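Undergrad: File follows, input.cif with mmCIF, C-alpha atoms:
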```
data_work
loop_
_atom_site.label_atom_id
_atom_site.label_comp_id
_atom_site.auth_asym_id
_atom_site.auth_seq_id
_atom_site.Cartn_x
_atom_site.Cartn_y
_atom_site.Cartn_z
CA MET V 1 -0.08 -19.25 26.79
CA THR V 2 1.51 -18.15 23.55
CA LYS V 3 0.11 -14.92 22.25
CA GLU V 4 0.37 -13.69 18.66
CA ILE V 5 0.83 -9.97 18.80
CA ARG V 6 0.05 -7.95 15.67
CA VAL V 7 2.24 -5.00 14.77
CA GLY V 8 0.60 -2.40 12.53
CA ILE V 9 2.28 -0.07 10.06
CA SER V 10 4.24 2.75 11.78
CA ASP V 11 4.24 0.89 15.06
CA TYR V 12 6.28 -1.54 17.13
CA LYS V 13 5.55 -4.07 19.86
CA VAL V 14 7.79 -5.61 22.50
CA SER V 15 7.12 -8.91 24.24
CA GLN V 16 8.72 -12.02 25.67
CA ALA V 17 8.89 -15.79 24.98
CA PRO V 18 6.74 -17.74 24.27
CA ASP V 19 4.89 -14.97 22.42
CA LYS V 20 5.08 -14.36 18.68
CA LEU V 21 5.20 -10.99 16.99
CA ILE V 22 3.72 -10.66 13.54
CA THR V 23 3.50 -7.95 10.92
CA LEU V 24 1.65 -8.36 7.62
CA GLY V 25 2.19 -7.05 4.12
CA LEU V 26 5.53 -5.27 4.23
CA GLY V 27 6.09 -3.60 0.86
CA SER V 28 8.59 -0.76 0.79
CA CYS V 29 8.33 -0.67 4.59
CA VAL V 30 10.93 -2.54 6.66
CA GLY V 31 10.32 -4.91 9.56
CA ILE V 32 13.05 -4.86 12.21
CA ALA V 33 13.20 -7.62 14.81
CA ILE V 34 15.55 -7.08 17.76
CA TYR V 35 16.16 -9.73 20.40
CA ASP V 36 17.90 -10.28 23.69
CA GLU V 37 18.85 -13.99 23.80
CA LYS V 38 19.35 -13.96 27.55
CA THR V 39 15.98 -12.61 28.58
CA LYS V 40 14.14 -13.82 25.46
CA ILE V 41 12.61 -10.39 25.22
CA GLY V 42 12.29 -8.99 21.72
CA GLY V 43 10.57 -6.39 19.62
CA LEU V 44 9.25 -6.01 16.09
CA SER V 45 9.05 -2.63 14.39
CA HIS V 46 7.31 -1.81 11.09
CA ILE V 47 8.81 1.44 9.83
CA MET V 48 7.53 3.39 6.86
CA LEU V 49 10.25 5.99 6.26
CA PRO V 50 14.03 6.22 6.72
CA ASP V 51 14.54 9.54 8.37
CA SER V 52 12.52 11.93 10.52
CA THR V 53 14.81 14.92 10.18
CA ALA V 54 13.12 16.27 7.03
CA PHE V 55 9.82 16.50 8.89
CA THR V 56 8.88 19.21 11.31
CA ARG V 57 5.33 18.48 12.39
CA ASP V 58 3.30 15.53 13.66
CA ILE V 59 6.31 13.28 14.03
CA LYS V 60 5.32 9.82 15.16
CA PRO V 61 8.58 8.15 16.26
CA GLU V 62 7.33 4.64 15.42
CA LYS V 63 7.11 5.61 11.75
CA PHE V 64 10.79 6.43 11.18
CA ALA V 65 13.84 4.13 11.23
CA ASP V 66 16.01 6.68 13.04
CA LEU V 67 13.55 7.14 15.93
CA ALA V 68 11.70 3.82 16.17
CA ILE V 69 14.79 1.63 16.60
CA PRO V 70 16.31 3.36 19.68
CA LYS V 71 12.88 3.71 21.27
CA MET V 72 12.11 0.01 20.83
CA ILE V 73 15.55 -0.97 22.14
CA ASP V 74 14.95 1.04 25.31
CA GLU V 75 11.82 -0.96 25.87
CA ILE V 76 13.55 -4.29 25.23
CA THR V 77 16.45 -3.63 27.56
CA GLY V 78 14.59 -1.57 30.12
CA GLY V 79 17.33 1.01 29.70
CA LYS V 80 20.18 -1.36 30.66
CA SER V 81 23.04 -0.75 28.27
CA ALA V 82 24.82 -4.04 29.03
CA SER V 83 22.28 -6.16 27.14
CA LYS V 84 23.57 -7.98 24.09
CA LEU V 85 21.14 -7.64 21.25
CA ILE V 86 20.84 -9.15 17.78
CA ALA V 87 18.69 -8.11 14.83
CA LYS V 88 17.02 -9.57 11.75
CA ILE V 89 15.34 -7.46 9.10
CA ALA V 90 12.99 -7.94 6.13
CA GLY V 91 11.10 -5.84 3.60
CA GLY V 92 12.21 -2.76 1.67
CA ALA V 93 10.86 -3.92 -1.67
CA SER V 94 10.08 -1.77 -4.70
CA MET V 95 6.62 -3.02 -5.52
CA PHE V 96 6.34 -1.10 -8.78
CA ASN V 97 9.04 -0.50 -11.26
CA PHE V 98 8.22 2.63 -13.22
CA SER V 99 10.92 2.87 -15.83
CA ASP V 100 11.03 6.66 -15.82
CA SER V 101 11.15 6.92 -12.06
CA SER V 102 13.41 9.90 -11.49
CA SER V 103 14.14 9.96 -7.78
CA GLY V 104 17.04 7.48 -7.92
CA ASN V 105 16.96 4.93 -5.13
CA SER V 106 13.52 3.66 -4.25
CA ILE V 107 12.04 4.37 -0.86
CA GLY V 108 12.41 0.65 -0.08
CA ASP V 109 16.17 0.80 -0.67
CA ARG V 110 16.48 3.94 1.39
CA ASN V 111 14.55 2.37 4.24
CA VAL V 112 16.90 -0.63 4.29
CA VAL V 113 20.01 1.57 4.21
CA ALA V 114 18.69 3.73 7.05
CA VAL V 115 17.90 0.68 9.19
CA GLU V 116 21.33 -0.86 8.60
CA LYS V 117 23.02 2.42 9.43
CA LYS V 118 21.08 2.92 12.65
CA LEU V 119 21.72 -0.64 13.85
CA LYS V 120 25.42 -0.32 13.06
CA GLU V 121 25.58 2.93 14.97
CA LEU V 122 24.02 1.20 17.97
CA GLY V 123 26.39 -1.77 17.69
CA ILE V 124 23.65 -4.33 16.99
CA PRO V 125 24.62 -6.99 14.42
CA ILE V 126 22.13 -8.00 11.71
CA ILE V 127 22.46 -11.77 11.73
CA SER V 128 20.16 -12.36 8.76
CA SER V 129 17.95 -10.44 6.39
CA ASP V 130 15.59 -10.73 3.45
CA THR V 131 15.25 -7.38 1.75
CA GLY V 132 14.70 -5.73 -1.64
CA GLY V 133 13.18 -7.25 -4.74
CA ASN V 134 9.62 -6.55 -5.76
CA ILE V 135 7.62 -8.77 -3.43
CA GLY V 136 5.58 -8.14 -0.33
CA ARG V 137 6.45 -9.97 2.87
CA THR V 138 4.80 -11.05 6.10
CA MET V 139 7.08 -11.52 9.10
CA ILE V 140 6.44 -13.81 12.07
CA VAL V 141 8.92 -13.64 14.93
CA ASP V 142 9.06 -16.49 17.44
CA LEU V 143 10.45 -15.06 20.66
CA GLN V 144 11.22 -18.56 22.00
CA ASN V 145 14.21 -18.96 19.66
CA PHE V 146 14.22 -15.81 17.49
CA ASN V 147 13.31 -17.82 14.39
CA ILE V 148 11.56 -15.64 11.86
CA SER V 149 9.26 -16.96 9.14
CA ILE V 150 8.90 -14.84 6.05
CA ARG V 151 5.81 -15.44 3.96
CA THR V 152 5.69 -14.00 0.47
CA ALA V 153 3.11 -13.64 -2.26
CA ASN V 154 3.99 -16.92 -3.91
CA ARG V 155 3.31 -18.67 -0.60
CA GLU V 156 6.95 -19.49 -0.17
CA ILE V 157 8.02 -19.65 3.46
CA LYS V 158 11.55 -18.78 4.36
CA ILE V 159 13.12 -19.03 7.80
CA LEU V 160 15.50 -16.27 8.84
CA MET W 161 -14.96 14.33 10.39
CA LEU W 162 -14.30 13.39 6.80
CA ASN W 163 -11.69 15.93 5.87
CA LYS W 164 -10.16 16.55 9.30
CA GLY W 165 -9.89 20.23 8.47
CA LYS W 166 -7.66 19.71 5.46
CA PHE W 167 -10.28 20.44 2.84
CA THR W 168 -13.56 22.34 2.84
CA ASP W 169 -16.87 20.57 2.28
CA LEU W 170 -17.13 22.28 -1.08
CA GLN W 171 -13.72 20.95 -2.11
CA ILE W 172 -14.67 17.42 -1.07
CA ASP W 173 -17.85 17.77 -3.12
CA ILE W 174 -15.82 18.87 -6.12
CA ILE W 175 -13.59 15.80 -5.85
CA LYS W 176 -16.68 13.62 -5.56
CA GLU W 177 -18.20 15.22 -8.62
CA LEU W 178 -15.04 14.79 -10.69
CA VAL W 179 -14.76 11.15 -9.62
CA ASN W 180 -18.42 10.73 -10.50
CA ILE W 181 -17.90 12.12 -13.97
CA GLY W 182 -14.69 10.15 -14.54
CA GLY W 183 -16.08 6.93 -13.06
CA GLY W 184 -19.32 7.20 -15.00
CA ASN W 185 -17.44 7.55 -18.24
CA ALA W 186 -15.19 4.65 -17.26
CA ALA W 187 -18.22 2.44 -16.53
CA THR W 188 -19.60 3.21 -19.99
CA SER W 189 -16.31 2.26 -21.62
CA ILE W 190 -16.13 -1.06 -19.74
CA SER W 191 -19.72 -1.76 -20.81
CA GLN W 192 -18.58 -1.44 -24.40
CA LEU W 193 -15.54 -3.62 -23.78
CA ILE W 194 -17.45 -6.53 -22.25
CA SER W 195 -20.73 -5.87 -24.13
CA LYS W 196 -22.67 -5.87 -20.86
CA PRO W 197 -24.23 -3.02 -18.91
CA VAL W 198 -21.84 -1.84 -16.20
CA ASN W 199 -22.77 0.82 -13.65
CA MET W 200 -20.78 2.72 -11.12
CA THR W 201 -21.67 2.94 -7.46
CA VAL W 202 -21.36 6.26 -5.61
CA PRO W 203 -17.66 7.07 -5.19
CA ILE W 204 -16.17 6.70 -1.74
CA ILE W 205 -14.01 9.51 -0.45
CA GLU W 206 -12.67 9.10 3.04
CA ILE W 207 -9.64 9.89 5.08
CA LEU W 208 -8.58 6.81 7.03
CA ASP W 209 -5.45 5.60 8.75
CA TYR W 210 -3.87 2.39 7.51
CA ASN W 211 -5.27 0.27 10.33
CA GLN W 212 -8.80 1.43 9.54
CA VAL W 213 -8.25 0.67 5.86
CA TYR W 214 -7.12 -2.88 6.66
CA GLU W 215 -10.00 -3.37 9.10
CA ASN W 216 -12.74 -1.88 6.97
CA ILE W 217 -11.71 -2.45 3.37
CA MET W 218 -9.39 -5.44 3.14
CA MET W 219 -6.88 -7.33 5.29
CA GLU W 220 -3.29 -6.40 4.57
CA ASP W 221 -2.19 -9.96 3.71
CA GLN W 222 -5.06 -10.61 1.29
CA MET W 223 -3.63 -11.62 -2.11
CA VAL W 224 -4.83 -9.38 -4.92
CA ASN W 225 -4.20 -8.52 -8.55
CA ALA W 226 -3.12 -4.91 -8.65
CA VAL W 227 -2.82 -2.83 -11.78
CA VAL W 228 -1.06 0.48 -11.44
CA THR W 229 -1.24 3.31 -13.95
CA ARG W 230 0.26 6.72 -13.55
CA MET W 231 -1.58 9.91 -14.29
CA LEU W 232 0.66 12.37 -16.13
CA GLY W 233 0.25 15.78 -17.68
CA ASP W 234 -0.99 18.86 -15.84
CA ALA W 235 -1.44 16.92 -12.61
CA GLU W 236 0.21 13.72 -11.40
CA GLY W 237 -0.95 10.76 -9.39
CA ILE W 238 -1.50 7.03 -9.46
CA PHE W 239 -4.53 4.92 -10.28
CA LEU W 240 -4.60 1.56 -8.53
CA PHE W 241 -7.05 -1.12 -9.64
CA ILE W 242 -7.53 -3.98 -7.19
CA VAL W 243 -9.31 -7.19 -8.12
CA ASN W 244 -9.39 -10.73 -6.75
CA ASP W 245 -8.64 -13.80 -8.87
CA GLU W 246 -12.21 -14.92 -9.31
CA THR W 247 -13.43 -11.54 -10.52
CA ALA W 248 -10.39 -11.15 -12.76
CA ASP W 249 -11.27 -14.49 -14.41
CA ASN W 250 -14.86 -13.39 -14.92
CA LEU W 251 -13.95 -10.01 -16.33
CA ALA W 252 -11.40 -11.51 -18.70
CA ASN W 253 -13.95 -14.10 -19.84
CA MET W 254 -16.45 -11.39 -20.64
CA MET W 255 -13.83 -9.59 -22.74
CA MET W 256 -12.82 -12.67 -24.74
CA PRO W 257 -14.60 -13.94 -27.82
CA GLU W 258 -16.16 -17.32 -27.17
CA GLY W 259 -14.08 -20.42 -27.70
CA ILE W 260 -10.77 -18.92 -26.67
CA GLU W 261 -9.15 -20.76 -23.83
CA GLN W 262 -8.09 -18.52 -21.01
CA THR W 263 -4.46 -18.77 -19.92
CA MET W 264 -2.93 -16.76 -17.12
CA GLU W 265 -1.09 -14.66 -19.69
CA ILE W 266 -4.24 -13.89 -21.65
CA ARG W 267 -6.11 -13.07 -18.47
CA ASP W 268 -3.41 -10.72 -17.19
CA SER W 269 -3.23 -8.98 -20.51
CA ALA W 270 -7.02 -8.60 -20.61
CA ILE W 271 -7.08 -7.09 -17.12
CA LYS W 272 -4.35 -4.63 -18.03
CA GLU W 273 -6.27 -3.62 -21.13
CA LEU W 274 -9.41 -3.21 -19.06
CA VAL W 275 -7.61 -0.88 -16.64
CA ASN W 276 -6.05 1.00 -19.53
CA THR W 277 -9.51 1.65 -20.95
CA LEU W 278 -10.95 2.44 -17.53
CA VAL W 279 -8.31 4.99 -16.63
CA SER W 280 -8.09 6.62 -20.07
CA SER W 281 -11.83 7.16 -20.19
CA PHE W 282 -11.80 8.41 -16.60
CA LEU W 283 -9.13 10.94 -17.48
CA ASN W 284 -10.77 11.91 -20.77
CA ALA W 285 -13.89 12.94 -18.94
CA THR W 286 -12.14 14.77 -16.11
CA SER W 287 -9.71 16.53 -18.50
CA LYS W 288 -12.65 17.97 -20.40
CA GLU W 289 -14.34 19.01 -17.19
CA ILE W 290 -11.39 20.99 -15.86
CA GLY W 291 -9.91 22.04 -19.20
CA ARG W 292 -6.48 20.58 -18.52
CA SER W 293 -4.55 17.75 -20.10
CA LEU W 294 -4.39 14.49 -18.14
CA ILE W 295 -3.03 11.29 -19.64
CA SER W 296 -2.24 7.82 -18.38
CA SER W 297 0.90 5.67 -18.56
CA VAL W 298 1.13 2.01 -19.57
CA PRO W 299 -0.43 -0.19 -16.85
CA LEU W 300 1.70 -2.51 -14.70
CA LEU W 301 0.29 -5.64 -13.10
CA THR W 302 1.47 -7.09 -9.79
CA LYS W 303 0.08 -9.94 -7.74
CA ASP W 304 0.82 -9.48 -4.10
CA MET W 305 -0.51 -8.67 -0.66
CA PHE W 306 -2.98 -5.78 -0.45
CA GLY W 307 -1.11 -4.07 2.38
CA ALA W 308 2.27 -4.23 0.66
CA ILE W 309 0.77 -2.75 -2.49
CA LEU W 310 -1.41 -0.05 -0.98
CA SER W 311 1.20 1.31 1.45
CA SER W 312 3.90 1.27 -1.24
CA VAL W 313 1.71 3.14 -3.74
CA TYR W 314 1.02 5.89 -1.23
CA ILE W 315 4.59 6.10 0.07
CA GLU W 316 6.14 6.05 -3.39
CA SER W 317 3.73 8.83 -4.39
CA GLY W 318 5.18 10.96 -1.62
CA GLN W 319 2.15 10.56 0.67
CA TYR W 320 3.85 10.02 4.00
CA ASP W 321 0.96 10.51 6.46
CA GLU W 322 -0.54 7.67 8.44
CA ASP W 323 -3.91 9.08 7.42
CA ILE W 324 -4.51 8.53 3.75
CA MET W 325 -7.21 9.86 1.51
CA ILE W 326 -9.11 7.00 -0.05
CA ILE W 327 -10.74 7.94 -3.33
CA LYS W 328 -12.41 4.84 -4.60
CA ASN W 329 -14.82 3.77 -7.32
CA GLU W 330 -16.68 0.50 -7.46
CA PHE W 331 -18.64 -0.93 -10.33
CA SER W 332 -21.61 -3.20 -10.64
CA TYR W 333 -22.98 -5.42 -13.38
CA LEU W 334 -26.69 -6.30 -13.50
CA GLY W 335 -27.12 -5.04 -9.97
CA GLU W 336 -24.32 -7.20 -8.65
CA LYS W 337 -21.17 -5.66 -7.34
CA ILE W 338 -18.05 -6.38 -9.37
CA GLU W 339 -15.55 -7.14 -6.61
CA SER W 340 -12.95 -4.64 -7.64
CA SER W 341 -11.97 -1.10 -6.75
CA LEU W 342 -10.25 1.74 -8.52
CA TYR W 343 -8.22 3.95 -6.20
CA PHE W 344 -6.81 7.31 -7.06
CA VAL W 345 -3.74 8.52 -5.19
CA PRO W 346 -2.79 12.13 -5.96
CA ASN W 347 0.81 13.30 -5.68
CA PRO W 348 1.33 15.85 -2.89
CA GLY W 349 -0.19 19.23 -3.74
CA VAL W 350 -2.15 17.94 -6.74
CA LEU W 351 -5.59 18.34 -5.19
CA GLU W 352 -4.70 21.85 -4.03
CA LYS W 353 -3.58 22.66 -7.58
CA LEU W 354 -6.82 21.25 -8.91
CA PHE W 355 -8.87 23.44 -6.58
CA LYS W 356 -6.96 26.47 -7.76
CA ILE W 357 -7.74 25.63 -11.39
CA ILE W 358 -11.42 25.25 -10.58
CA GLY W 359 -11.37 28.25 -8.31
CA VAL W 360 -12.63 26.84 -5.02
#
```
Can you turn what I pasted into structure tokens?

TA:
Amino acid sequence: MTKEIRVGISDYKVSQAPDKLITLGLGSCVGIAIYDEKTKIGGLSHIMLPDSTAFTRDIKPEKFADLAIPKMIDEITGGKSASKLIAKIAGGASMFNFSDSSSGNSIGDRNVVAVEKKLKELGIPIISSDTGGNIGRTMIVDLQNFNISIRTANREIKIL
Amino acid sequence: MLNKGKFTDLQIDIIKELVNIGGGNAATSISQLISKPVNMTVPIIEILDYNQVYENIMMEDQMVNAVVTRMLGDAEGIFLFIVNDETADNLANMMMPEGIEQTMEIRDSAIKELVNTLVSSFLNATSKEIGRSLISSVPLLTKDMFGAILSSVYIESGQYDEDIMIIKNEFSYLGEKIESSLYFVPNPGVLEKLFKIIGV
């Protein structure tokens, strides 16, 4: 039986083929799918912020790119370092473009950069991605073949 | 329960009262704009986590029209107006003189103007109440998924908690609810600053 497993904001879920992992309405958040082709085990994470180090209290690891990714990988591999993993990412939009926005890079951009950096550090290649712009995205990960459908506001469906 | 220890009951009541005053004034100004009596329902002030918001208020992949306006001046924040297509059509129709054909462009422009009026009158009333200057920026309209919009508005306002404070006004016309909501998202520290001004 194929299950569709929903991943909420600031959370991740790990499962195995033939299940599907789905996360809805990514705006500036980033969805990170990581997959082990051999075992067909994969995870989907929906992070909200790039970096936990500026925070001192109530840190929920699933919320931050720097903490969520290694934690999810541990669950996918069961701690075995030999596993070969691949990743696909989507999201990191700037939904609103205020012309006088002072803080430089948008939070969406910073989320994407943080995710790319963390995956690079862990030696996991990003084989495809759909990030940036000013549109929301829904991400559906098929753990049978690691195909990912991206649904956007204009009902366009893209396969990563 | 409601404030999870962050604010006192008195402070929550103050926010409610300000939203009441602002929202009431906003309802009056929309009435004038569409020449029909518009009322405001009691404002909703709740602290919810995102999953509760999507379960109780609206699914995160629901397509909506979202108009965003920034509050500037002595305190900063964002107003977010959410409306579905059908209601947007109806509202725009009520604003238009008869005989003018509604295009998407005209509708969008009408909705932006409506939100501009709504937020300016809201801020006019609350500014007077607290004796500080609050103004609004030009409205921006986006059509996208509710979850993508709501989470981005909070995060880009520097509200990084999973629990978010929902401050929401709804309006009704001839006893029927207008399916739209006006959210207010304060920048961090703004409510605390407000309480200091008022002295609670």

Undergrad: To test your reading of the syntax: which residues would the PyMOL selection byres ((chain W) within 12 of (chain V)) return for the file shown? Reply as a PyMOL selection string.

TA: chain W and resi 209-215+218-230+232+238+240+297-323

Undergrad: Written as a list in words, what is the full residue list that the PyMOL selection byres ((chain V and resi 77-90) around 8) yields on the file shown?

TA: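 For this structure, the PyMOL selection byres ((chain V and resi 77-90) around 8) captures Val30, Gly31, Ile32, Ala33, Ile34, Tyr35, Asp36, Glu37, Ile73, Asp74, Glu75, Ile76, Gly91, Gly92, Ile124, Pro125, Ile126, Ile127, Ser128, Ser129, Asp130, Thr131, Arg137, Met139 and Leu160 of chain V.
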
Undergrad: Please save C-alpha atoms of the selected residues as a compact mmCIF listing (two decimals), in the frame of the given file.

TA:
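The file below, selection.txt, is the result:
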```
# COMPACT_ATOMS: atom_id res chain seq x y z
CA VAL V 30 10.93 -2.54 6.66
CA GLY V 31 10.32 -4.91 9.56
CA ILE V 32 13.05 -4.86 12.21
CA ALA V 33 13.20 -7.62 14.81
CA ILE V 34 15.55 -7.08 17.76
CA TYR V 35 16.16 -9.73 20.40
CA ASP V 36 17.90 -10.28 23.69
CA GLU V 37 18.85 -13.99 23.80
CA ILE V 73 15.55 -0.97 22.14
CA ASP V 74 14.95 1.04 25.31
CA GLU V 75 11.82 -0.96 25.87
CA ILE V 76 13.55 -4.29 25.23
CA GLY V 91 11.10 -5.84 3.60
CA GLY V 92 12.21 -2.76 1.67
CA ILE V 124 23.65 -4.33 16.99
CA PRO V 125 24.62 -6.99 14.42
CA ILE V 126 22.13 -8.00 11.71
CA ILE V 127 22.46 -11.77 11.73
CA SER V 128 20.16 -12.36 8.76
CA SER V 129 17.95 -10.44 6.39
CA ASP V 130 15.59 -10.73 3.45
CA THR V 131 15.25 -7.38 1.75
CA ARG V 137 6.45 -9.97 2.87
CA MET V 139 7.08 -11.52 9.10
CA LEU V 160 15.50 -16.27 8.84
```

Undergrad: Mind pulling up the distance from CA of Leu334 in chain W to CA of Pro197 in chain W?

TA: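 Spanning CA of Pro197 in chain W to CA of Leu334 in chain W is a straight-line distance of 6.8 Å.
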
Undergrad: I'd like the contact shell of Asp249 in chain W - 9 Å cut-off, only C-alpha atoms, skipping same-chain residues fewer than 5 positions apart - returned as a list in words.

TA: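 Returned residues: Asn244, Met254, Gln262, Arg267 and Ile271 of chain W.
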
Undergrad: Please enumerate the residues selected by the PyMOL selection byres ((chain V and resi 159) around 8) when evaluated against the supplied file, formatted as number ranges by chain.

TA: V: 147-150, 157-158, 160

Undergrad: Those same residues - C-alpha atoms - I'd like them written as a PDB file, in the frame of the given file.

TA:
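Writing done, so here's out.pdb:
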```pdb
ATOM      1  CA  ASN V 147      13.310 -17.820  14.390  1.00  0.00           C
ATOM      2  CA  ILE V 148      11.560 -15.640  11.860  1.00  0.00           C
ATOM      3  CA  SER V 149       9.260 -16.960   9.140  1.00  0.00           C
ATOM      4  CA  ILE V 150       8.900 -14.840   6.050  1.00  0.00           C
ATOM      5  CA  ILE V 157       8.020 -19.650   3.460  1.00  0.00           C
ATOM      6  CA  LYS V 158      11.550 -18.780   4.360  1.00  0.00           C
ATOM      7  CA  LEU V 160      15.500 -16.270   8.840  1.00  0.00           C
TER       8      LEU V 160
END
```

Undergrad: Separation of CA of Gly259 in chain W and CA of Ser195 in chain W, in Å?

TA: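 Pair CA of Gly259 in chain W / CA of Ser195 in chain W returns 16.4 Å.
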
Undergrad: Env of Ser340 in chain W: 10 Å cut, atoms = all atoms listed in the file, seq-sep filter 3 positions within chain, self excluded. Answer as a PDB file with C-alpha atoms, in the coordinates of the input.

TA:
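New file selection-v6.pdb:
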```pdb
ATOM      1  CA  VAL W 224      -4.830  -9.380  -4.920  1.00  0.00           C
ATOM      2  CA  ASN W 225      -4.200  -8.520  -8.550  1.00  0.00           C
ATOM      3  CA  ALA W 226      -3.120  -4.910  -8.650  1.00  0.00           C
ATOM      4  CA  PHE W 241      -7.050  -1.120  -9.640  1.00  0.00           C
ATOM      5  CA  ILE W 242      -7.530  -3.980  -7.190  1.00  0.00           C
ATOM      6  CA  VAL W 243      -9.310  -7.190  -8.120  1.00  0.00           C
ATOM      7  CA  ASN W 244      -9.390 -10.730  -6.750  1.00  0.00           C
ATOM      8  CA  THR W 247     -13.430 -11.540 -10.520  1.00  0.00           C
ATOM      9  CA  ALA W 248     -10.390 -11.150 -12.760  1.00  0.00           C
ATOM     10  CA  LYS W 328     -12.410   4.840  -4.600  1.00  0.00           C
ATOM     11  CA  ASN W 329     -14.820   3.770  -7.320  1.00  0.00           C
ATOM     12  CA  GLU W 330     -16.680   0.500  -7.460  1.00  0.00           C
ATOM     13  CA  PHE W 331     -18.640  -0.930 -10.330  1.00  0.00           C
ATOM     14  CA  SER W 332     -21.610  -3.200 -10.640  1.00  0.00           C
ATOM     15  CA  LYS W 337     -21.170  -5.660  -7.340  1.00  0.00           C
ATOM     16  CA  TYR W 343      -8.220   3.950  -6.200  1.00  0.00           C
TER      17      TYR W 343
END
```
